[in-house]
Amino acid sequence: MSTIDLRPELPRHPSRLLPTLAAVAVAIVVVAATAGLPIDWSDLGAVPAQLVHFGGLMFESPNWEKLPRALTEMWRSISMAWIGAILCVLISIPLGMLAARSVGPVWLRLPLRGVFAVIRAVPEVIIALILLTITGLTPFTGALALGIAGIGTQGKWVYETIESVQEGASEAVRAAGGGTAEVTRWALWPAAAPALLSLALYRFEINLRTSAVLGLVGAGGIGSMLANYTNYRQWDTVGMLLIVVVVATMTMDAISGAIRRRITQGPGVRTTRATRTTLPARTTRSRNVDRVG
């Protein structure tokens with residue numbers, strides 16, 4: 001009489017061949033890239049001493065005489081970042097929503113995603129250099145470069161956010177007879193708006209850092225002033241400019257971060273002193289009423 005084996009069959013151990021080959025391939029690429037660079041590794045030991053030397057030249061006694069002009073140029077960089085962020089958001093939100101899988105058709109969605117990928121592949125500096133031949137050495141060139149360069153990344157964030165929205169509201173609107181426009185307006189946009197507004201503020205933070213780099217190619221702002229004084233080796237003024245850039249960037253990041261937290265998390269619940277002092281008084285009054293009764 002034959003017996004039936006009731007023991008469960010254990011799954012096969014997954015093969016580690018493909019991950020191992022991928023790791024080896026990445027290691028070969030890294031080693032080949034490092035070996036192909038003309039790097040003199042013996043100079044690496046002198047880098048800390050050079051950093052200390054130039055740091056002392058810049059920050060030991062900064063030149064505060066140029067502070068008013070530095071603040072003006074910093075405000076110009078902030079304006080460039082803000083205008084670039086507005087242009088980027090106004091263009092990327094509708095295009096990004098059309099590139100979402102649940103909104104746009106295939107013949108429109110795929111070309112839009114391709115355009116976003118091409119824009120992401122071009123650095124902001126290259127876009128600014130191309131625009132310099134059209135608009136000239138003006139802050140508008142920097143703002144326009146920031147706006148165009150941010151469309152690729154911002155558009156990708158938009159359609160990924162739309163695609164991650166829960167399907168419950170969309171199904172309810174479709175069940176009520178709504179089409180794609182109604183689903184986008186009454187289901188997708190209310191659910192994705194807080195995240196999209198938070199990403200728009202984050203784009204402003206990115207533009208604020210990038211605007212200083214665009215100034216190095218003549219787009220105006222604090223970057224142009226920093227490039228000029230660096231070329232003339234006026235390290236005390238360069239140190240003052242770096243202090244202004246760091247303080248202004250950290251301040252704007254703190255303000256933008258607070259606004260983004262308010263948008264995504266909502267207002268916090270706070271217990272005021274009046275509430276804490278009135279509660280015991282009411283409790284005492286109620287106890288006295290109970291005793292009299």
# chains A, B, ... in the order shown; residues from 1 in each chain; ligands from 1
>>> residues_around(residues="stretch 239-249 of chain A", least_positions_apart="2", cutoff="7 Å", atoms="only C-alpha atoms", output="MDAnalysis selection string")
chainID A and resid 58:59 62:64 70 226 235:237 251:253
>>> residues_around(residues="stretch 141-145 of chain A", least_positions_apart="2", cutoff="9 Å", atoms="only C-alpha atoms", output="ChimeraX atom specification")
/A:77,79-85,87,124-129,131-132,134-139,147-150,207,211,214-215,218-221
>>> atom_distance(atom1="atom CA of A:Gly36", atom2="atom CA of A:Val118")
27.6 Å
>>> closest_residue(among="A:Val29, A:Ile93, A:Ser102, A:Val238", to="A:Glu65", atoms="only C-alpha atoms")
A:Val238
>>> select_by_dssp(residues="stretch 14-153 of chain A", states="helix (DSSP H, G or I)", output="ChimeraX atom specification")
/A:17-36,41-59,64-98,106-121,124-135,139-153
>>> closest_atom_pairs(of="stretch 98-174 of chain A", to="stretch 183-203 of chain A", cutoff="12 Å", atoms="only C-alpha atoms", output="tab-separated table")
residue	atom	partner	partner_atom	distance
A:Leu98	CA	A:Thr184	CA	9.8
A:Ala100	CA	A:Thr184	CA	10.5
A:Arg101	CA	A:Thr184	CA	11.8
A:Ser102	CA	A:Thr184	CA	8.9
A:Val103	CA	A:Thr184	CA	7.1
A:Gly104	CA	A:Thr184	CA	10.3
A:Leu146	CA	A:Arg203	CA	9.6
A:Gly147	CA	A:Arg203	CA	9.7
A:Ala149	CA	A:Arg203	CA	10.8
A:Gly150	CA	A:Arg203	CA	7.4
A:Ile151	CA	A:Arg203	CA	9.9
A:Gly152	CA	A:Arg203	CA	11.5
A:Thr153	CA	A:Arg203	CA	9.2
A:Gln154	CA	A:Arg203	CA	7.6
A:Gly155	CA	A:Leu196	CA	10.3
A:Lys156	CA	A:Leu199	CA	11.1
A:Trp157	CA	A:Leu199	CA	7.8
A:Val158	CA	A:Leu196	CA	6.6
A:Tyr159	CA	A:Leu196	CA	10.0
A:Glu160	CA	A:Ala192	CA	10.2
A:Thr161	CA	A:Ala192	CA	6.5
A:Ile162	CA	A:Ala192	CA	6.2
A:Glu163	CA	A:Leu188	CA	8.9
A:Ser164	CA	A:Ala192	CA	8.7
A:Val165	CA	A:Ala191	CA	6.6
A:Gln166	CA	A:Ala191	CA	8.3
A:Glu167	CA	A:Ala187	CA	8.6
A:Gly168	CA	A:Ala187	CA	8.6
A:Ala169	CA	A:Ala187	CA	5.2
A:Ser170	CA	A:Ala187	CA	5.3
A:Glu171	CA	A:Val183	CA	8.4
A:Ala172	CA	A:Ala187	CA	8.5
A:Val173	CA	A:Val183	CA	5.9
A:Arg174	CA	A:Val183	CA	6.9
>>> closest_residue(among="A:Thr264, A:Gln234, A:Thr133, A:Ser256", to="A:Ser61", atoms="only C-alpha atoms")
A:Gln234
>>> atom_distance(atom1="atom CA of A:Leu108", atom2="atom CA of A:Ala176")
26.3 Å
>>> atom_distance(atom1="atom CA of A:Arg260", atom2="atom CA of A:Arg109")
28.8 Å
